[in-house]
>>> print(open('protein.pdb').read())   # PDB, C-alpha atoms
ATOM      1  CA  PRO L   1     107.993  51.321-149.994
ATOM      2  CA  GLY L   2     105.400  52.427-152.513
ATOM      3  CA  ASP L   3     102.699  53.211-149.964
ATOM      4  CA  TRP L   4     104.949  55.361-147.756
ATOM      5  CA  GLN L   5     104.967  59.148-147.983
ATOM      6  CA  ARG L   6     107.098  62.071-146.848
ATOM      7  CA  TYR L   7     106.351  63.514-143.430
ATOM      8  CA  LEU L   8     107.749  66.647-141.762
ATOM      9  CA  VAL L   9     108.599  65.982-138.125
ATOM     10  CA  ARG L  10     106.758  68.192-135.628
ATOM     11  CA  SER L  11     107.418  69.144-132.025
ATOM     12  CA  GLY L  12     106.621  66.210-129.759
ATOM     13  CA  ASP L  13     107.043  63.536-132.432
ATOM     14  CA  THR L  14     109.078  60.455-131.627
ATOM     15  CA  LEU L  15     109.982  57.500-133.784
ATOM     16  CA  TYR L  16     107.808  55.334-131.562
ATOM     17  CA  SER L  17     104.725  57.588-131.848
ATOM     18  CA  LEU L  18     105.110  57.993-135.611
ATOM     19  CA  ALA L  19     105.621  54.270-136.139
ATOM     20  CA  ARG L  20     102.543  53.481-134.052
ATOM     21  CA  GLN L  21     100.401  55.978-135.929
ATOM     22  CA  GLY L  22     101.605  54.537-139.220
ATOM     23  CA  GLY L  23     100.923  50.953-138.170
ATOM     24  CA  THR L  24     104.558  49.923-138.355
ATOM     25  CA  ASN L  25     107.526  49.639-135.962
ATOM     26  CA  VAL L  26     110.585  51.715-135.100
ATOM     27  CA  ASP L  27     113.056  49.324-136.804
ATOM     28  CA  ALA L  28     111.174  49.572-140.107
ATOM     29  CA  VAL L  29     111.131  53.377-139.971
ATOM     30  CA  MET L  30     114.863  53.479-139.182
ATOM     31  CA  ARG L  31     115.679  51.058-142.012
ATOM     32  CA  VAL L  32     113.637  52.911-144.663
ATOM     33  CA  ASN L  33     115.078  56.292-143.623
ATOM     34  CA  CYS L  34     118.657  55.023-143.164
ATOM     35  CA  LEU L  35     118.740  56.177-139.541
ATOM     36  CA  THR L  36     121.480  54.978-137.219
ATOM     37  CA  GLY L  37     119.709  56.158-134.050
ATOM     38  CA  THR L  38     116.243  56.929-132.767
ATOM     39  CA  THR L  39     116.768  60.686-132.416
ATOM     40  CA  ILE L  40     114.637  62.872-134.685
ATOM     41  CA  VAL L  41     114.204  66.647-134.651
ATOM     42  CA  ARG L  42     111.529  69.138-135.603
ATOM     43  CA  GLY L  43     111.717  70.001-139.313
ATOM     44  CA  GLN L  44     113.302  66.694-140.322
ATOM     45  CA  TRP L  45     111.786  64.857-143.299
ATOM     46  CA  LEU L  46     110.987  61.176-142.925
ATOM     47  CA  TRP L  47     109.445  58.510-145.093
ATOM     48  CA  LEU L  48     106.525  56.988-143.209
ATOM     49  CA  PRO L  49     103.425  54.892-143.880
ATOM     50  CA  CYS L  50     100.283  56.938-144.382
ATOM     51  CA  ILE L  51     100.082  59.109-141.258
ATOM     52  CA  PRO L  52      96.470  59.808-140.283
ATOM     53  CA  GLN L  53      95.579  63.496-140.405
ATOM     54  CA  PRO L  54      92.500  63.852-138.179
ATOM     55  CA  PRO L  55      89.812  66.401-139.029
ATOM     56  CA  ALA L  56      89.020  69.078-136.470
ATOM     57  CA  GLY L  57      87.210  67.632-133.471
ATOM     58  CA  TRP L  58      88.709  64.142-133.773
ATOM     59  CA  GLN L  59      90.854  62.738-130.971
ATOM     60  CA  GLY L  60      93.059  59.744-130.279
ATOM     61  CA  TYR L  61      91.582  56.459-129.071
ATOM     62  CA  VAL L  62      93.285  53.190-128.108
ATOM     63  CA  VAL L  63      91.374  50.113-129.277
ATOM     64  CA  GLU L  64      90.070  47.876-126.485
ATOM     65  CA  TRP L  65      88.893  44.264-126.363
ATOM     66  CA  GLY L  66      85.565  43.871-128.182
ATOM     67  CA  ASP L  67      85.894  47.028-130.280
ATOM     68  CA  THR L  68      85.066  46.851-133.968
ATOM     69  CA  LEU L  69      85.245  49.569-136.581
ATOM     70  CA  TYR L  70      81.462  49.420-136.847
ATOM     71  CA  SER L  71      80.846  49.792-133.098
ATOM     72  CA  LEU L  72      83.395  52.591-132.762
ATOM     73  CA  ALA L  73      82.036  54.492-135.752
ATOM     74  CA  GLU L  74      78.470  54.199-134.468
ATOM     75  CA  ASP L  75      79.430  55.234-130.923
ATOM     76  CA  HIS L  76      81.312  58.274-132.197
ATOM     77  CA  GLY L  77      78.747  59.421-134.758
ATOM     78  CA  THR L  78      80.657  58.638-137.950
ATOM     79  CA  THR L  79      80.895  55.849-140.552
ATOM     80  CA  VAL L  80      83.234  52.911-141.045
ATOM     81  CA  GLU L  81      84.435  54.283-144.396
ATOM     82  CA  GLU L  82      85.236  57.703-142.925
ATOM     83  CA  THR L  83      87.075  56.089-140.012
ATOM     84  CA  LYS L  84      89.132  53.984-142.426
ATOM     85  CA  ARG L  85      89.924  56.983-144.630
ATOM     86  CA  VAL L  86      91.091  59.195-141.765
ATOM     87  CA  ASN L  87      93.154  56.380-140.231
ATOM     88  CA  CYS L  88      94.632  55.137-143.533
ATOM     89  CA  LEU L  89      93.178  51.649-143.022
ATOM     90  CA  ILE L  90      92.916  49.302-145.984
ATOM     91  CA  ASP L  91      90.451  46.910-144.308
ATOM     92  CA  ASN L  92      88.228  46.597-141.224
ATOM     93  CA  THR L  93      90.794  44.815-139.063
ATOM     94  CA  ILE L  94      91.717  46.471-135.756
ATOM     95  CA  VAL L  95      93.380  44.948-132.713
ATOM     96  CA  ARG L  96      93.631  45.791-129.042
ATOM     97  CA  GLY L  97      96.171  48.578-128.522
ATOM     98  CA  HIS L  98      95.733  49.957-132.051
ATOM     99  CA  TRP L  99      95.733  53.779-132.082
ATOM    100  CA  LEU L 100      92.843  55.360-133.992
ATOM    101  CA  TRP L 101      91.555  58.852-134.625
ATOM    102  CA  LEU L 102      87.838  59.138-133.880
ATOM    103  CA  PRO L 103      85.367  62.033-133.527
ATOM    104  CA  GLN L 104      85.192  63.382-130.019
ATOM    105  CA  ARG L 105      82.211  61.971-128.185
ATOM    106  CA  SER L 106      79.779  64.669-127.213
ATOM    107  CA  ILE L 107      78.334  64.589-123.717
ATOM    108  CA  PRO L 108      74.651  63.673-124.041
ATOM    109  CA  GLU L 109      72.458  66.690-123.419
ATOM    110  CA  THR L 110      69.815  66.221-120.761
ATOM    111  CA  ILE L 111      66.504  67.776-121.711
ATOM    112  CA  THR L 112      63.484  68.233-119.470
ATOM    113  CA  ILE L 113      60.035  68.939-120.881
ATOM    114  CA  GLU L 114      56.479  68.952-119.609
ATOM    115  CA  LEU L 115      53.735  67.874-121.989
ATOM    116  CA  VAL L 116      50.044  68.622-121.565
ATOM    117  CA  ALA L 117      47.507  65.972-122.564
ATOM    118  CA  ASP L 118      46.209  66.377-126.101
ATOM    119  CA  ALA L 119      43.174  64.152-125.408
ATOM    120  CA  ASP L 120      41.371  62.934-122.292
ATOM    121  CA  ALA L 121      37.940  61.598-121.409
ATOM    122  CA  CYS L 122      35.976  59.767-118.728
ATOM    123  CA  VAL L 123      33.960  56.631-119.469
ATOM    124  CA  HIS L 124      31.058  55.127-117.465
ATOM    125  CA  ARG L 125      31.746  51.431-117.079
ATOM    126  CA  TYR L 126      28.175  50.163-117.356
ATOM    127  CA  LYS L 127      25.433  50.031-119.946
ATOM    128  CA  GLY L 128      22.630  52.543-119.988
ATOM    129  CA  GLU L 129      21.951  56.125-120.949
ATOM    130  CA  GLU L 130      25.001  57.460-119.111
ATOM    131  CA  GLY L 131      27.220  54.716-120.515
ATOM    132  CA  ILE L 132      26.788  55.731-124.161
ATOM    133  CA  GLU L 133      27.264  59.427-123.516
ATOM    134  CA  ASN L 134      30.613  61.002-124.378
ATOM    135  CA  TYR L 135      32.378  63.054-121.681
ATOM    136  CA  GLY L 136      35.361  64.278-123.667
ATOM    137  CA  VAL L 137      34.614  67.944-123.045
ATOM    138  CA  GLU L 138      34.065  67.651-119.282
ATOM    139  CA  GLU L 139      36.397  69.492-116.908
ATOM    140  CA  ASP L 140      36.887  66.408-114.704
ATOM    141  CA  LEU L 141      38.333  62.936-115.187
ATOM    142  CA  THR L 142      36.381  60.691-112.849
ATOM    143  CA  VAL L 143      37.744  57.480-111.349
ATOM    144  CA  SER L 144      35.530  55.127-109.360
ATOM    145  CA  TYR L 145      34.142  51.606-109.375
ATOM    146  CA  TYR L 146      31.903  52.753-112.250
ATOM    147  CA  HIS L 147      34.287  55.120-114.049
ATOM    148  CA  THR L 148      37.634  54.945-115.837
ATOM    149  CA  SER L 149      39.466  57.808-117.499
ATOM    150  CA  PHE L 150      41.728  57.909-120.533
ATOM    151  CA  ILE L 151      44.629  60.283-121.205
ATOM    152  CA  HIS L 152      46.881  60.717-124.246
ATOM    153  CA  PHE L 153      50.073  62.732-124.826
ATOM    154  CA  ASN L 154      51.741  63.610-128.138
ATOM    155  CA  LEU L 155      55.423  62.577-127.965
ATOM    156  CA  SER L 156      56.427  63.616-131.502
ATOM    157  CA  SER L 157      58.823  66.277-130.184
ATOM    158  CA  ILE L 158      61.090  63.617-128.606
ATOM    159  CA  PRO L 159      63.757  62.046-130.904
ATOM    160  CA  ALA L 160      63.281  58.337-131.561
ATOM    161  CA  ARG L 161      66.790  57.528-130.242
ATOM    162  CA  ALA L 162      66.305  59.429-126.990
ATOM    163  CA  THR L 163      66.920  57.669-123.688
ATOM    164  CA  ILE L 164      64.104  58.371-121.258
ATOM    165  CA  GLU L 165      65.626  58.873-117.833
ATOM    166  CA  ASN L 166      62.326  59.649-116.138
ATOM    167  CA  ALA L 167      58.690  60.082-117.127
ATOM    168  CA  THR L 168      56.096  61.070-114.555
ATOM    169  CA  LEU L 169      52.362  61.446-115.041
ATOM    170  CA  VAL L 170      51.003  64.269-112.865
ATOM    171  CA  LEU L 171      47.283  64.767-112.224
ATOM    172  CA  TYR L 172      45.549  67.339-110.060
ATOM    173  CA  LEU L 173      42.930  65.939-107.677
ATOM    174  CA  SER L 174      40.081  68.435-107.608
ATOM    175  CA  SER L 175      37.610  66.504-105.434
ATOM    176  CA  SER L 176      37.135  63.155-103.700
ATOM    177  CA  ASP L 177      34.413  61.266-101.829
ATOM    178  CA  ALA L 178      36.834  58.448-101.014
ATOM    179  CA  PRO L 179      38.299  57.350 -97.672
ATOM    180  CA  ALA L 180      41.466  59.034 -96.411
ATOM    181  CA  THR L 181      43.642  57.052 -98.853
ATOM    182  CA  SER L 182      42.866  54.986-101.915
ATOM    183  CA  THR L 183      45.009  53.303-104.550
ATOM    184  CA  ILE L 184      44.659  54.752-108.053
ATOM    185  CA  SER L 185      46.418  52.903-110.874
ATOM    186  CA  VAL L 186      47.378  53.634-114.454
ATOM    187  CA  THR L 187      47.786  51.049-117.177
ATOM    188  CA  GLN L 188      48.665  50.955-120.845
ATOM    189  CA  VAL L 189      45.976  51.451-123.492
ATOM    190  CA  LEU L 190      46.365  48.971-126.364
ATOM    191  CA  SER L 191      44.101  50.355-129.090
ATOM    192  CA  GLY L 192      42.930  53.650-130.501
ATOM    193  CA  TRP L 193      40.267  56.017-129.195
ATOM    194  CA  THR L 194      39.224  59.628-129.673
ATOM    195  CA  GLU L 195      38.273  62.225-127.124
ATOM    196  CA  ALA L 196      35.054  63.071-128.947
ATOM    197  CA  GLY L 197      34.023  59.480-129.664
ATOM    198  CA  ILE L 198      34.902  57.287-126.695
ATOM    199  CA  ASN L 199      32.105  55.879-124.496
ATOM    200  CA  GLN L 200      31.101  52.619-122.815
ATOM    201  CA  SER L 201      30.086  51.034-126.116
ATOM    202  CA  ASN L 202      33.530  51.395-127.712
ATOM    203  CA  PRO L 203      36.246  51.399-124.999
ATOM    204  CA  PRO L 204      39.780  50.641-126.203
ATOM    205  CA  ASP L 205      41.680  47.534-125.156
ATOM    206  CA  THR L 206      43.912  47.930-122.101
ATOM    207  CA  ASN L 207      46.319  45.988-119.897
ATOM    208  CA  ARG L 208      43.917  46.106-116.977
ATOM    209  CA  PRO L 209      44.000  44.574-114.395
ATOM    210  CA  GLU L 210      47.810  44.756-114.700
ATOM    211  CA  PRO L 211      48.769  48.228-113.361
ATOM    212  CA  LEU L 212      51.754  49.986-114.831
ATOM    213  CA  ALA L 213      52.003  52.192-111.736
ATOM    214  CA  SER L 214      49.926  52.818-108.630
ATOM    215  CA  THR L 215      49.784  55.726-106.208
ATOM    216  CA  LEU L 216      48.084  56.253-102.875
ATOM    217  CA  VAL L 217      45.758  59.214-103.350
ATOM    218  CA  HIS L 218      44.494  61.055-100.280
ATOM    219  CA  ASP L 219      41.276  63.029 -99.984
ATOM    220  CA  THR L 220      43.300  66.260-100.111
ATOM    221  CA  PRO L 221      43.242  68.220-103.398
ATOM    222  CA  GLY L 222      46.593  68.644-105.122
ATOM    223  CA  ASP L 223      49.037  67.012-107.518
ATOM    224  CA  TYR L 224      49.554  63.231-107.514
ATOM    225  CA  SER L 225      52.095  61.402-109.668
ATOM    226  CA  TRP L 226      52.778  58.016-111.312
ATOM    227  CA  ASN L 227      56.108  56.826-112.720
ATOM    228  CA  VAL L 228      55.597  55.694-116.324
ATOM    229  CA  THR L 229      59.218  55.763-117.513
ATOM    230  CA  SER L 230      59.368  52.290-119.047
ATOM    231  CA  LEU L 231      56.183  52.754-121.052
ATOM    232  CA  VAL L 232      57.190  56.169-122.376
ATOM    233  CA  GLN L 233      60.556  54.725-123.458
ATOM    234  CA  SER L 234      58.751  52.022-125.435
ATOM    235  CA  TRP L 235      56.539  54.655-127.082
ATOM    236  CA  VAL L 236      59.540  56.749-128.066
ATOM    237  CA  ASP L 237      61.640  53.919-129.485
ATOM    238  CA  GLY L 238      58.641  52.391-131.267
ATOM    239  CA  THR L 239      58.490  49.058-129.470
ATOM    240  CA  SER L 240      54.868  49.770-128.513
ATOM    241  CA  ASP L 241      52.196  52.065-129.940
ATOM    242  CA  ASN L 242      51.209  55.186-128.046
ATOM    243  CA  TYR L 243      47.496  54.922-127.350
ATOM    244  CA  GLY L 244      47.817  56.631-123.984
ATOM    245  CA  LEU L 245      46.985  55.628-120.435
ATOM    246  CA  MET L 246      43.904  54.481-118.539
ATOM    247  CA  LEU L 247      43.271  55.617-114.971
ATOM    248  CA  TRP L 248      41.262  53.380-112.647
ATOM    249  CA  GLY L 249      40.537  52.729-108.975
ATOM    250  CA  PRO L 250      37.827  51.600-106.541
ATOM    251  CA  SER L 251      36.836  54.938-105.003
ATOM    252  CA  TRP L 252      35.391  58.200-106.303
ATOM    253  CA  HIS L 253      38.070  60.704-107.307
ATOM    254  CA  GLN L 254      37.919  63.540-109.795
ATOM    255  CA  PHE L 255      41.065  64.857-111.473
ATOM    256  CA  SER L 256      41.074  67.997-113.586
ATOM    257  CA  SER L 257      40.994  67.399-117.348
ATOM    258  CA  ARG L 258      42.670  69.438-120.066
ATOM    259  CA  GLU L 259      39.399  71.337-120.452
ATOM    260  CA  SER L 260      39.479  72.550-116.835
ATOM    261  CA  THR L 261      39.451  76.320-116.427
ATOM    262  CA  GLU L 262      40.176  76.229-112.704
ATOM    263  CA  TYR L 263      42.828  73.549-112.124
ATOM    264  CA  PRO L 264      45.967  72.296-113.949
ATOM    265  CA  PRO L 265      45.511  69.821-116.838
ATOM    266  CA  PRO L 266      47.072  66.331-116.979
ATOM    267  CA  ARG L 267      50.832  66.675-117.420
ATOM    268  CA  LEU L 268      53.645  64.334-118.399
ATOM    269  CA  GLY L 269      57.073  65.406-117.156
ATOM    270  CA  ILE L 270      59.905  63.827-119.142
ATOM    271  CA  ARG L 271      63.673  63.981-118.679
ATOM    272  CA  TYR L 272      65.679  62.462-121.513
ATOM    273  CA  THR L 273      69.085  62.491-123.177
ATOM    274  CA  GLU L 274      69.825  62.598-126.877
ATOM    275  CA  PRO L 275      72.500  60.315-128.367
TER     276      PRO L 275
END
>>> encode(input="protein.pdb", output="structure tokens")
Amino acid sequence: PGDWQRYLVRSGDTLYSLARQGGTNVDAVMRVNCLTGTTIVRGQWLWLPCIPQPPAGWQGYVVEWGDTLYSLAEDHGTTVEETKRVNCLIDNTIVRGHWLWLPQRSIPETITIELVADADACVHRYKGEEGIENYGVEEDLTVSYYHTSFIHFNLSSIPARATIENATLVLYLSSSDAPATSTISVTQVLSGWTEAGINQSNPPDTNRPEPLASTLVHDTPGDYSWNVTSLVQSWVDGTSDNYGLMLWGPSWHQFSSRESTEYPPPRLGIRYTEP
């Protein structure tokens, strides 16, 4: 046939394997090559349909139910056209059991980073002289019935297609006048703010009173954490805008800010995988 080409048999080849790779059957290969049996040997020339010659790093794959050329190409980091070229396909049709060459899937690399807040500030939640003052340069982030605190992290170093496996906000409690335990919550901030400009007269919109995460904070200084994985994932993949987090609670607690010279700043620990 016009679209068949010469092929030099290699060690390990069989008529069945060559026919399958060429998208034909053993009887057709025997008929075209005038073979009376199925025995072939290394160094023998055969006429075969286009036999895929995979580039380095490609490996065999057997098509399963639900596979399409598009889904397979995307999953293996290549294109439909390149997959068709390597596999000598004339159209996009593949069927279950079809043998294809595809790039070897790389094992996703797990990366762990710790980000330090690039902006934080406390806000007095009532009108008056203290309410309009800006506290962006203070060394403490105060939380109480009268105070909320805002924290922002720059996530530009994380690829947009990353899968966030875990994201944990960690704050250091420097002092507390609260009872033995008190619930401190974080929630999503929905509009922009600046560390040098935020005060009671211009607070950003938030999801309060819906907490994203809550933690029981004791009166003992030290690190306390909140799981914010789902929100960080939405920031990374662009389904929500990153305006940071708001910290709130009913009792007086002070956490060290990024300006603190004595205690650790707000941190965001992230573990993610790249596609």
>>> resolve_selection(input="protein.pdb", expression="the PyMOL selection byres ((chain L and resi 87) around 10)", output="NGL selection string")
:L and (21-23 or 50-54 or 81-86 or 88-90 or 99-102)
>>> atom_distance(input="protein.pdb", atom1="atom CA of Leu169 of chain L", atom2="atom CA of Val186 of chain L")
9.3 Å
>>> closest_residue(input="protein.pdb", among="L:Thr215, L:Ser234, L:Thr148, L:Asn202", to="Trp248 of chain L", atoms="all atoms listed in the file")
L:Thr148
>>> closest_residue(input="protein.pdb", among="L:Phe255, L:Tyr145, L:Trp47, L:Trp65", to="Val217 of chain L", atoms="all atoms listed in the file")
L:Phe255
>>> residues_around(input="protein.pdb", residues="Thr168 of chain L", least_positions_apart="3", cutoff="6 Å", atoms="all atoms listed in the file", output="count of residues only")
5
>>> residues_near_point(input="protein.pdb", point="(89.0, 62.0, -126.9)", cutoff="8 Å", atoms="only C-alpha atoms", output="NGL selection string")
:L and (58-61 or 102-105)
>>> resolve_selection(input="protein.pdb", expression="the PyMOL selection byres ((chain L and resi 142) around 6)", output="VMD selection string")
chain L and resid 122 141 143 253 to 254
>>> write_last_selection(input="protein.pdb", atoms="C-alpha atoms", output="tab-separated table (two decimals), in the coordinates of the input")
chain	number	residue	atom	x	y	z
L	122	CYS	CA	35.98	59.77	-118.73
L	141	LEU	CA	38.33	62.94	-115.19
L	143	VAL	CA	37.74	57.48	-111.35
L	253	HIS	CA	38.07	60.70	-107.31
L	254	GLN	CA	37.92	63.54	-109.80
>>> residues_around(input="protein.pdb", residues="Ile113 of chain L", least_positions_apart="3", cutoff="12 Å", atoms="all atoms listed in the file", output="MDAnalysis selection string")
chainID L and resid 110 116 155 157:158 164:168 267:273
>>> closest_residue(input="protein.pdb", among="L:Val232, L:His76, L:Tyr135, L:Val29", to="Ile107 of chain L", atoms="only C-alpha atoms")
L:His76
>>> decode(input="protein.pdb", residues="segment 208-253 of chain L", atoms="C-alpha atoms", output="CSV table (one decimal), in the first residue's frame")
chain,number,residue,atom,x,y,z
L,208,ARG,CA,-17.1,38.8,58.5
L,209,PRO,CA,-19.0,37.4,60.4
L,210,GLU,CA,-18.3,34.3,58.3
L,211,PRO,CA,-14.9,32.9,59.6
L,212,LEU,CA,-12.6,31.1,57.2
L,213,ALA,CA,-10.8,29.4,60.1
L,214,SER,CA,-10.9,29.7,63.9
L,215,THR,CA,-8.4,28.8,66.5
L,216,LEU,CA,-8.5,28.6,70.3
L,217,VAL,CA,-5.8,31.0,71.5
L,218,HIS,CA,-4.5,30.6,75.1
L,219,ASP,CA,-3.0,33.3,77.3
L,220,THR,CA,0.4,31.8,76.7
L,221,PRO,CA,2.8,33.5,74.3
L,222,GLY,CA,3.8,31.5,71.2
L,223,ASP,CA,2.8,30.5,67.7
L,224,TYR,CA,-0.8,29.9,66.8
L,225,SER,CA,-2.0,28.7,63.4
L,226,TRP,CA,-5.1,28.8,61.1
L,227,ASN,CA,-5.7,26.6,58.1
L,228,VAL,CA,-6.4,28.8,55.0
L,229,THR,CA,-5.7,26.2,52.3
L,230,SER,CA,-8.9,26.7,50.3
L,231,LEU,CA,-8.6,30.5,50.2
L,232,VAL,CA,-4.9,30.4,49.2
L,233,GLN,CA,-5.8,28.0,46.4
L,234,SER,CA,-8.4,30.4,45.1
L,235,TRP,CA,-5.9,33.3,45.2
L,236,VAL,CA,-3.3,31.2,43.2
L,237,ASP,CA,-5.7,30.0,40.5
L,238,GLY,CA,-7.3,33.4,40.2
L,239,THR,CA,-10.9,32.5,41.2
L,240,SER,CA,-10.7,35.2,43.9
L,241,ASP,CA,-8.6,38.3,44.4
L,242,ASN,CA,-5.9,38.4,47.0
L,243,TYR,CA,-6.7,41.2,49.4
L,244,GLY,CA,-5.4,39.4,52.4
L,245,LEU,CA,-6.9,38.3,55.7
L,246,MET,CA,-8.7,39.9,58.6
L,247,LEU,CA,-8.1,38.8,62.2
L,248,TRP,CA,-10.9,39.3,64.8
L,249,GLY,CA,-12.1,38.0,68.1
L,250,PRO,CA,-13.8,39.1,71.4
L,251,SER,CA,-10.8,39.3,73.7
L,252,TRP,CA,-7.6,41.4,73.9
L,253,HIS,CA,-4.7,39.7,72.1
